[in-house]
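**Student:** Please see the structure below; I have some questions.
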Amino acid sequence: ETGVTQTPRHLVMGMTNKKSLKCEQHLGHNAMYWYKQSAKKPLELMFVYNFKEQTENNSVPSRFSPECPNSSHLFLHLHTLQPEDSALYLCASSQEAGRYGYTFGSGTRLTVV
Amino acid sequence: EDQVTQSPEALRLQEGESSSLNCSYTVSGLRGLFWYRQDPGKGPEFLFTLYSAGEEKEKERLKATLTKKESFLHITAPKPEDSATYLCAVQGGESGGGADGLTFGKGTHLIIQP
């Protein structure tokens, strides 16, 4: 256990469904991130939150909607996804935005059918 | 735009056979270069951060070095448990990976055979 917990670990959803991914950290970190990891591709930064404020939205489609109610929790709300959105979604946190390296969760393996 | 290229894509070694993984990068104002290890079905695990050319860091059988254009991850006398995908990432001073985010390479898949 790294200190960053992601739920669920696996998710299968239809293209018309609405679901949410959850990330929780109790490391006292101020910054939280969502990354997408697809086969044969580098990790892609999706969103950055620093002290609960979104500081980065890396041109992510609106069918992905992040929410950060406090410094310990991060959500990714999903709706009307496409099959190409199937991937491993990783949450990470850091003490200061990126400076000391991230602590990653184990990810949510998402399959869109 | 920040870019990271890792080579080789895959590497198969015998136990005890030392080697090096390469990470070439272009970045506007390097704030940090990061190495991670990722096991199947898990998130990346932080290994090292390097901040300036000439810096070196070691952890057990791993040693990371940094120049102005590339970083190497040297693996000395590896064991089967060192098998994993090793990821390199950079944080630049301007947008690319973003002011706060990291830009990752595709990784090197390392297999150590007993």
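A note on labels: chains of the structure tokens are A, B, ... as shown, every chain counts residues from 1, and ligands are counted from 1 in their shown order.
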Quick one: residues within 9 Å of region 69-75 of chain B, only C-alpha atoms counted, chain neighbours fewer than 4 positions away excluded, as a ChimeraX atom specification?

**Tutor:** /B:17-26,33,35,50,53,61-65,82,86,88

**Student:** Using only C-alpha atoms, I'd like a table of the residues in chain B that come within 10 Å of chain A; for each, show the closest atom pair and its distance in Å rounded to one decimal, ordered by chain and ascending number, as CSV.

**Tutor:**
```
residue,atom,partner,partner_atom,distance
B:Val4,CA,A:Pro42,CA,9.2
B:Thr5,CA,A:Pro42,CA,9.8
B:Glu9,CA,A:Lys40,CA,9.8
B:Arg31,CA,A:Arg99,CA,7.8
B:Gly32,CA,A:Arg99,CA,7.3
B:Leu33,CA,A:Gly101,CA,9.2
B:Phe34,CA,A:Gly101,CA,7.0
B:Trp35,CA,A:Gly101,CA,9.0
B:Tyr36,CA,A:Gly101,CA,9.2
B:Gln38,CA,A:Ser106,CA,9.9
B:Asp39,CA,A:Ser106,CA,9.9
B:Pro40,CA,A:Ser106,CA,9.9
B:Gly41,CA,A:Ser106,CA,7.1
B:Lys42,CA,A:Ser106,CA,4.5
B:Gly43,CA,A:Ser106,CA,4.2
B:Pro44,CA,A:Phe104,CA,6.0
B:Glu45,CA,A:Phe104,CA,6.8
B:Phe46,CA,A:Gly101,CA,6.7
B:Leu47,CA,A:Gly101,CA,8.8
B:Phe48,CA,A:Gly101,CA,8.0
B:Thr49,CA,A:Gly101,CA,6.9
B:Tyr51,CA,A:Arg99,CA,9.8
B:Leu87,CA,A:Pro42,CA,8.8
B:Cys88,CA,A:Pro42,CA,9.8
B:Ala89,CA,A:Leu43,CA,9.4
B:Val90,CA,A:Gly98,CA,9.6
B:Gln91,CA,A:Gly98,CA,7.3
B:Ser95,CA,A:Glu56,CA,9.7
B:Gly96,CA,A:Asn58,CA,9.5
B:Gly97,CA,A:Leu45,CA,7.1
B:Gly98,CA,A:Glu56,CA,6.9
B:Ala99,CA,A:Glu56,CA,8.0
B:Asp100,CA,A:Ala97,CA,5.1
B:Gly101,CA,A:Gly98,CA,6.2
B:Leu102,CA,A:Gly98,CA,7.1
B:Thr103,CA,A:Glu44,CA,7.6
B:Phe104,CA,A:Pro42,CA,5.6
B:Gly105,CA,A:Pro42,CA,5.3
B:Lys106,CA,A:Pro42,CA,4.3
B:Gly107,CA,A:Pro42,CA,7.4
```

**Student:** I'd like the contact shell of Pro83 (chain A) - 9 Å cut-off, only C-alpha atoms, skipping same-chain residues fewer than 5 positions apart - returned as a PyMOL selection string.

**Tutor:** chain A and resi 14-15+111-113

**Student:** Can you list, as a count of residues only, all residues belonging to chain B that DSSP tags as strand (DSSP E)?

**Tutor:** 65

**Student:** How far is it from CA of Leu78 (chain A) to CA of Lys52 (chain A), in Å with one decimal?

**Tutor:**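 Result for CA of Leu78 (chain A) versus CA of Lys52 (chain A): 19.6 Å, one decimal.
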
**Student:** Set the distance at 8 Å and use only C-alpha atoms: which residues neighbour region 16-24 of chain A once local chain neighbours fewer than 6 positions away are removed? I'd like the list as a ChimeraX atom specification.

**Tutor:** /A:4-8,72-81,91,105,108

**Student:** Which residue out of A:Ser59, A:Ser65, A:Gln54, A:Gln82 has the minimum interatomic distance to Asn30 (chain A) when only C-alpha atoms are used?

**Tutor:**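 The answer is A:Gln54, which sits nearest to Asn30 (chain A).
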
**Student:** My list of candidates is A:Ser38, A:Phe51, A:Gly3, A:Asp85. Which is closest to Pro69 (chain A) when distances are computed with only C-alpha atoms?

**Tutor:**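 Residue with the minimum atom-to-atom distance to Pro69 (chain A): A:Phe51.
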
**Student:** If we count only C-alpha atoms, what is near Ser28 (chain B) at a cut-off of 8 Å, once residues fewer than 6 positions away on the same chain are taken out, given as a list in words?

**Tutor:**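 Surrounding residues, per the criterion: Glu1, Asp2, Gly92, Gly93 and Glu94 of chain B.
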
**Student:** Go ahead and save the picked residues with N, CA and C atoms, as a compact mmCIF listing (two decimals), in the first residue's frame.

**Tutor:**
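Everything below was put into part-v4.txt:
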```
# COMPACT_ATOMS: atom_id res chain seq x y z
N GLU B 1 7.83 22.14 -26.34
CA GLU B 1 7.17 21.02 -25.67
C GLU B 1 8.21 20.02 -25.15
N ASP B 2 8.05 19.63 -23.90
CA ASP B 2 8.97 18.66 -23.31
C ASP B 2 8.83 17.29 -23.97
N GLY B 92 9.59 20.31 -16.53
CA GLY B 92 10.21 21.50 -17.07
C GLY B 92 9.69 22.75 -16.39
N GLY B 93 10.34 23.86 -16.74
CA GLY B 93 9.94 25.11 -16.12
C GLY B 93 8.79 25.78 -16.81
N GLU B 94 8.44 25.24 -18.05
CA GLU B 94 7.34 25.83 -18.79
C GLU B 94 6.37 24.73 -19.16
```

**Student:** So the first atom is CA of Ala10 (chain B) and the second is CA of His10 (chain A); what is the distance between them in Å, to one decimal place?

**Tutor:**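 Computed distance, CA of Ala10 (chain B) to CA of His10 (chain A), equals 26.9 Å.
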
**Student:** For CA of Ser86 (chain A) and CA of Leu110 (chain A), quote the distance in Å rounded to one decimal.

**Tutor:**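 We find that CA of Ser86 (chain A) and CA of Leu110 (chain A) lie 5.2 Å from each other.
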